[in-house]
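Structure file upload_23.tsv (TSV, C-alpha atoms) follows.
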chain	number	residue	atom	x	y	z
E	764	MET	CA	-16.70	-17.41	32.68
E	765	PRO	CA	-13.29	-16.18	31.47
E	766	ASP	CA	-13.04	-14.50	28.07
E	767	ALA	CA	-12.14	-16.77	25.17
E	768	PRO	CA	-8.53	-16.37	24.06
E	769	GLU	CA	-7.96	-14.19	21.02
E	770	GLN	CA	-7.75	-16.23	17.83
E	771	LEU	CA	-4.52	-15.36	16.07
E	772	GLU	CA	-4.11	-15.73	12.32
E	773	PRO	CA	-1.67	-18.39	11.12
E	774	PRO	CA	1.63	-16.70	10.24
E	775	VAL	CA	2.44	-15.97	6.62
E	776	SER	CA	5.94	-17.08	5.66
E	777	ASP	CA	5.74	-18.31	2.07
E	778	ALA	CA	3.62	-18.36	-1.06
E	779	ALA	CA	1.28	-21.09	0.17
E	780	SER	CA	0.47	-19.39	3.46
E	781	PHE	CA	0.04	-16.05	1.65
E	782	ALA	CA	-2.49	-17.61	-0.73
E	783	ALA	CA	-4.36	-19.15	2.20
E	784	ALA	CA	-4.41	-15.85	4.09
E	785	THR	CA	-5.56	-13.69	1.18
E	786	GLY	CA	-7.57	-16.02	-1.02
E	787	ALA	CA	-5.33	-15.20	-3.98
E	788	THR	CA	-6.14	-17.18	-7.13
E	789	PRO	CA	-3.53	-19.26	-8.98
E	790	ASP	CA	-3.33	-16.54	-11.65
E	791	GLN	CA	-2.73	-13.88	-9.01
E	792	MET	CA	-0.11	-16.02	-7.32
E	793	SER	CA	1.66	-16.48	-10.65
E	794	LEU	CA	1.75	-12.71	-11.18
E	795	ILE	CA	3.03	-12.05	-7.67
E	796	GLY	CA	5.72	-14.69	-8.17
E	797	ARG	CA	6.82	-12.98	-11.38
E	798	PHE	CA	6.82	-9.64	-9.60
E	799	GLN	CA	9.01	-11.12	-6.86
E	800	ALA	CA	11.48	-12.42	-9.47
E	801	LEU	CA	11.63	-9.05	-11.24
E	802	LEU	CA	12.21	-7.29	-7.93
E	803	ALA	CA	15.05	-9.66	-7.02
E	804	ASP	CA	16.65	-9.18	-10.44
E	805	TRP	CA	16.43	-5.38	-10.49
E	806	ASN	CA	17.46	-5.16	-6.85
E	807	GLN	CA	20.90	-6.48	-7.82
E	808	ARG	CA	21.43	-3.39	-9.98
E	809	MET	CA	19.71	-0.70	-7.95
E	810	SER	CA	18.64	-0.33	-4.34
E	811	LEU	CA	14.88	-0.92	-4.27
E	812	VAL	CA	14.46	-2.81	-1.00
E	813	GLY	CA	16.86	-4.12	1.62
E	814	THR	CA	18.17	-7.65	1.16
E	815	ALA	CA	16.73	-8.79	4.48
E	816	SER	CA	13.27	-7.51	3.61
E	817	LEU	CA	13.45	-9.18	0.20
E	818	GLU	CA	14.06	-12.48	1.96
E	819	ALA	CA	10.86	-11.82	3.96
E	820	PHE	CA	8.93	-10.94	0.80
E	821	TRP	CA	5.68	-12.73	1.59
E	822	PRO	CA	4.88	-11.31	5.05
E	823	ARG	CA	6.75	-8.01	4.92
E	824	HIS	CA	5.82	-6.87	1.42
E	825	ALA	CA	3.13	-9.03	-0.19
E	826	LEU	CA	0.79	-9.47	2.80
E	827	ASP	CA	1.49	-5.96	4.07
E	828	SER	CA	0.19	-4.67	0.74
E	829	ALA	CA	-2.63	-7.11	0.04
E	830	GLN	CA	-4.32	-6.53	3.41
E	831	LEU	CA	-5.52	-3.13	2.19
E	832	ILE	CA	-7.87	-4.64	-0.37
E	833	ALA	CA	-10.20	-6.05	2.29
E	834	LEU	CA	-10.40	-2.60	3.88
E	835	ALA	CA	-11.82	-1.05	0.70
E	836	PRO	CA	-13.36	-4.00	-1.19
E	837	ARG	CA	-15.42	-1.86	-3.58
E	838	ALA	CA	-12.57	0.47	-4.54
E	839	ARG	CA	-11.46	0.22	-8.15
E	840	THR	CA	-9.18	3.26	-8.46
E	841	TRP	CA	-6.18	3.64	-6.18
E	842	ILE	CA	-3.40	6.21	-5.84
E	843	ASP	CA	-0.14	4.92	-4.34
E	844	ILE	CA	2.01	7.81	-3.10
E	845	GLY	CA	5.74	7.10	-3.04
E	846	ALA	CA	5.22	3.81	-4.85
E	847	GLY	CA	8.91	2.90	-4.59
E	848	ALA	CA	9.40	-0.80	-5.34
E	849	GLY	CA	5.67	-1.32	-5.87
E	850	PHE	CA	4.29	-1.78	-2.37
E	851	PRO	CA	1.41	-1.64	-1.96
E	852	GLY	CA	0.45	-0.39	-5.45
E	853	VAL	CA	1.71	-3.23	-7.68
E	854	VAL	CA	0.27	-5.91	-5.39
E	855	ILE	CA	-3.09	-4.12	-5.39
E	856	ALA	CA	-3.00	-3.86	-9.19
E	857	ILE	CA	-2.38	-7.61	-9.40
E	858	PHE	CA	-5.47	-8.32	-7.30
E	859	LEU	CA	-7.55	-5.82	-9.32
E	860	LYS	CA	-6.46	-7.13	-12.74
E	861	GLY	CA	-9.49	-8.11	-14.79
E	862	ARG	CA	-11.97	-6.00	-12.81
E	863	GLU	CA	-13.90	-3.45	-14.82
E	864	GLY	CA	-12.72	0.11	-14.22
E	865	ALA	CA	-9.65	-0.90	-12.21
E	866	MET	CA	-6.65	1.44	-12.23
E	867	VAL	CA	-3.76	2.07	-9.84
E	868	ASP	CA	-1.77	5.29	-10.18
E	869	LEU	CA	1.81	4.65	-9.03
E	870	VAL	CA	3.34	7.99	-8.04
E	871	GLU	CA	7.09	8.04	-7.52
E	872	SER	CA	9.55	10.97	-7.62
E	873	GLN	CA	12.71	8.89	-8.29
E	874	ALA	CA	13.21	8.18	-11.99
E	875	LYS	CA	15.10	4.90	-11.46
E	876	LYS	CA	12.24	3.46	-9.42
E	877	CYS	CA	9.78	4.61	-12.09
E	878	ARG	CA	11.76	2.64	-14.67
E	879	PHE	CA	11.38	-0.47	-12.53
E	880	LEU	CA	7.67	0.13	-11.97
E	881	ALA	CA	7.07	0.70	-15.66
E	882	ALA	CA	8.86	-2.56	-16.50
E	883	VAL	CA	6.72	-4.48	-14.02
E	884	VAL	CA	3.46	-2.91	-15.21
E	885	ASP	CA	4.36	-3.68	-18.83
E	886	GLU	CA	5.55	-7.26	-18.30
E	887	LEU	CA	2.60	-8.23	-16.09
E	888	ALA	CA	0.05	-6.22	-18.14
E	889	LEU	CA	-1.32	-4.58	-15.01
E	890	PRO	CA	-4.08	-1.97	-14.76
E	891	ALA	CA	-1.64	0.68	-13.55
E	892	ARG	CA	0.03	3.93	-14.63
E	893	VAL	CA	3.41	5.22	-13.50
E	894	HIS	CA	3.87	8.93	-12.74
E	895	ASN	CA	7.39	10.30	-12.26
E	896	ALA	CA	6.24	13.24	-10.14
E	897	ARG	CA	5.46	14.47	-6.66
E	898	ALA	CA	1.97	13.46	-5.55
E	899	GLU	CA	0.97	16.88	-4.26
E	900	ALA	CA	1.51	18.30	-7.76
E	901	LEU	CA	-0.80	15.80	-9.50
E	902	PRO	CA	-4.57	16.32	-9.81
E	903	LEU	CA	-5.31	12.61	-9.43
E	904	LYS	CA	-8.72	11.31	-8.43
E	905	GLY	CA	-9.35	7.87	-6.96
E	906	ASP	CA	-11.36	5.87	-4.47
E	907	VAL	CA	-8.36	5.30	-2.18
E	908	VAL	CA	-5.02	7.02	-1.64
E	909	THR	CA	-2.36	5.01	0.12
E	910	ALA	CA	1.27	5.28	1.17
E	911	ARG	CA	3.79	3.13	2.98
E	912	ALA	CA	6.91	4.50	4.73
E	913	VAL	CA	6.66	7.89	3.00
E	914	ALA	CA	6.47	10.55	5.72
E	915	PRO	CA	5.14	11.29	9.21
E	916	LEU	CA	1.35	11.49	9.25
E	917	THR	CA	1.24	15.29	9.52
E	918	THR	CA	3.26	15.65	6.32
E	919	LEU	CA	1.61	12.70	4.61
E	920	LEU	CA	-1.86	14.19	5.01
E	921	GLY	CA	-0.67	17.34	3.29
E	922	ILE	CA	0.64	15.27	0.38
E	923	ALA	CA	-2.56	13.22	0.17
E	924	ARG	CA	-4.89	16.19	0.58
E	925	PRO	CA	-5.46	16.88	-3.17
E	926	ALA	CA	-6.74	13.34	-3.68
E	927	MET	CA	-8.71	13.31	-0.44
E	928	ASN	CA	-10.34	16.63	-1.35
E	929	GLN	CA	-11.70	14.82	-4.42
E	930	GLY	CA	-13.23	12.04	-2.35
E	931	ALA	CA	-10.45	9.52	-1.79
E	932	VAL	CA	-10.21	7.68	1.52
E	933	GLY	CA	-6.71	7.37	2.97
E	934	LEU	CA	-5.25	3.98	3.91
E	935	PHE	CA	-1.82	4.52	5.41
E	936	HIS	CA	0.62	1.98	6.86
E	937	LYS	CA	2.11	3.01	10.18
E	938	GLY	CA	4.34	1.27	12.72
E	939	ALA	CA	4.58	1.20	16.50
E	940	GLY	CA	4.67	5.00	16.68
E	941	ALA	CA	1.24	5.43	15.08
E	942	ALA	CA	-0.44	6.85	18.19
E	943	ALA	CA	2.16	9.57	18.59
E	944	GLU	CA	1.91	10.46	14.89
E	945	ILE	CA	-1.88	10.73	15.18
E	946	ASP	CA	-1.62	13.05	18.19
E	947	GLU	CA	0.87	15.26	16.36
E	948	ALA	CA	-1.22	15.33	13.17
E	949	ARG	CA	-4.30	16.49	15.06
E	950	LYS	CA	-2.49	19.73	15.86
E	951	THR	CA	-2.62	20.58	12.14
E	952	TRP	CA	-5.51	18.54	10.77
E	953	ARG	CA	-9.04	17.45	11.58
E	954	PHE	CA	-10.06	14.03	10.29
E	955	ALA	CA	-12.14	10.93	10.93
E	956	LEU	CA	-9.97	7.97	11.81
E	957	GLU	CA	-10.14	4.21	12.14
E	958	SER	CA	-6.95	2.59	13.42
E	959	ILE	CA	-6.84	-1.03	12.26
E	960	PRO	CA	-4.36	-3.67	13.47
E	961	SER	CA	-1.94	-4.72	10.74
E	962	ARG	CA	-2.11	-8.36	9.64
E	963	SER	CA	1.60	-8.35	8.76
E	964	ASP	CA	3.11	-6.56	11.77
E	965	PRO	CA	1.84	-7.09	15.34
E	966	THR	CA	3.00	-3.58	16.27
E	967	GLY	CA	1.68	-1.89	13.13
E	968	ARG	CA	-1.56	-0.16	12.22
E	969	ILE	CA	-3.43	0.73	9.06
E	970	LEU	CA	-4.87	4.22	9.46
E	971	LYS	CA	-8.13	4.71	7.57
E	972	VAL	CA	-8.56	8.46	7.24
E	973	SER	CA	-11.44	10.50	5.82
E	974	GLU	CA	-13.10	13.92	6.18
E	975	LEU	CA	-9.71	15.64	6.10
E	976	ARG	CA	-9.55	19.39	6.70
E	977	ARG	CA	-7.20	21.91	8.22
E	978	ALA	CA	-7.46	22.56	11.94
E	979	ARG	CA	-8.71	26.06	12.72
Serialized structure, structure tokens:
Amino acid sequence: MPDAPEQLEPPVSDAASFAAATGATPDQMSLIGRFQALLADWNQRMSLVGTASLEAFWPRHALDSAQLIALAPRARTWIDIGAGAGFPGVVIAIFLKGREGAMVDLVESQAKKCRFLAAVVDELALPARVHNARAEALPLKGDVVTARAVAPLTTLLGIARPAMNQGAVGLFHKGAGAAAEIDEARKTWRFALESIPSRSDPTGRILKVSELRRAR
């Protein structure tokens, strides 16, 4: 008997399909909609995301961020390295709002982006803190450390190492070149790895990294 065809998820293209894909509540959808409006407004005055990617907000940014929550469902404390325009950190904070002990540390080295993040956190009353600093210089502790489009994996692991040394698991977005980045990183680092297909990008992966240590 031939194998059954792979069941593909319905595509996410708008708010309704995002809610169906993630199980977001009406309150969470309202917060994400407000976040989207703030991003569009601020993006007119400073470069936070590209115009084309803003038009693809729901699949490219919202779903790309929200998919991490299912990969660490018990995590309450998150560290988002290079938080930028708030992906994935702000979206995660929206989903965690109201949960006891929830906190997302948004780490960003550019002051203008920190101003935007602080405005979003304040207006949406999110369980999040903004740090205008470099992640490797902060002694932050959390359940998960994450990053999207920050650096090649070899460099990224060095940045995330302080948090991972304190017990955090890494969840890192990577694109079509993930396999090559993994091979290169193994020249410098030893780590346990699970490479998970991205729900938002058919060529992308989420790298779940733990047990990080320097290669001998």
>> Ranking E:Val972, E:Thr785, E:Glu944, E:Val812 by minimum distance to Glu957 of chain E and counting all atoms listed in the file, which one comes first?
In response: E:Val972
> Taking all atoms listed in the file into account, which of E:Arg878, E:Arg808, E:His936, E:Arg837 comes nearest Gly864 of chain E?
Replying inline: E:Arg837
Residues within 10 Å of Ala874 of chain E, please, as a PDB file with C-alpha atoms, keeping the file's coordinate frame. Count all atoms listed in the file; anything in the same chain fewer than 6 positions from it doesn't count.
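Final file, around-v4.pdb:
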ATOM      1  CA  LEU E 880       7.670   0.130 -11.970  1.00  0.00           C
ATOM      2  CA  HIS E 894       3.870   8.930 -12.740  1.00  0.00           C
ATOM      3  CA  ASN E 895       7.390  10.300 -12.260  1.00  0.00           C
ATOM      4  CA  ALA E 896       6.240  13.240 -10.140  1.00  0.00           C
TER       5      ALA E 896
END
> Can you tell me, as a PyMOL selection string, which residues sit within 9 Å of (-7.9, 23.1, 15.8) in the file's frame, using all atoms listed in the file?
Replying inline: chain E and resi 949-953+977-979
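Atom CA of Val883 of chain E is found 26.9 Å from atom CA of Pro925 of chain E.
Between Phe935 of chain E and the residues E:Asp777, E:Asp804, E:Asp827, E:Glu818, the shortest atom-to-atom distance, using all atoms listed in the file, involves E:Asp827.
Using all atoms listed in the file for every distance, the candidate list E:Ala787, E:Ile795, E:Val913, E:Ala848 yields E:Ala848 as the residue closest to Ser810 of chain E.
One finds atom CA of Ala784 of chain E at 17.8 Å from atom CA of Phe850 of chain E.
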> Looking at E:Val893, E:Ala923, E:Ala898, E:Leu826, which one is nearest to Ser963 of chain E, with distances taken over all atoms listed in the file?
Replying inline: E:Leu826
> Using only C-alpha atoms, which residues sit within 9 Å of Ala881 of chain E once same-chain residues fewer than 5 positions away are excluded, as number ranges by chain?
Replying inline: E: 876, 886, 891-893
> Near Lys860 of chain E, counting all atoms listed in the file, which residues have an atom at most 12 Å away, once you skip same-chain residues fewer than 6 positions from it, shown as a PyMOL selection string?
Replying inline: chain E and resi 787-788+790-791+794-795+839-840+853-854+866-867+884+887-891
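Closest approach to Phe954 of chain E among E:Gly938, E:Arg976, E:Ala825, E:Ala800: E:Arg976, based on all atoms listed in the file.
Residues surrounding Asn806 of chain E within 12 Å are E:Phe798, E:Gln799, E:Ala800, E:Leu801, E:Leu802, E:Ala803, E:Met809, E:Ser810, E:Leu811, E:Val812, E:Gly813, E:Thr814, E:Ala815, E:Ser816, E:Leu817, E:Glu818, E:Gly847, E:Ala848, E:Lys875, E:Lys876, E:Phe879 [all atoms listed in the file; sequence separation below 3 positions excluded].
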>> Residues within 8 Å of Val932 of chain E, please, as a VMD selection string. Count only C-alpha atoms; anything in the same chain fewer than 3 positions from it doesn't count.
In response: chain E and resid 906 to 908 927 971 to 973
>> Between atom CA of Ala819 of chain E and atom CA of Leu920 of chain E, what distance in Å does the model show, to one decimal?
In response: 29.0 Å
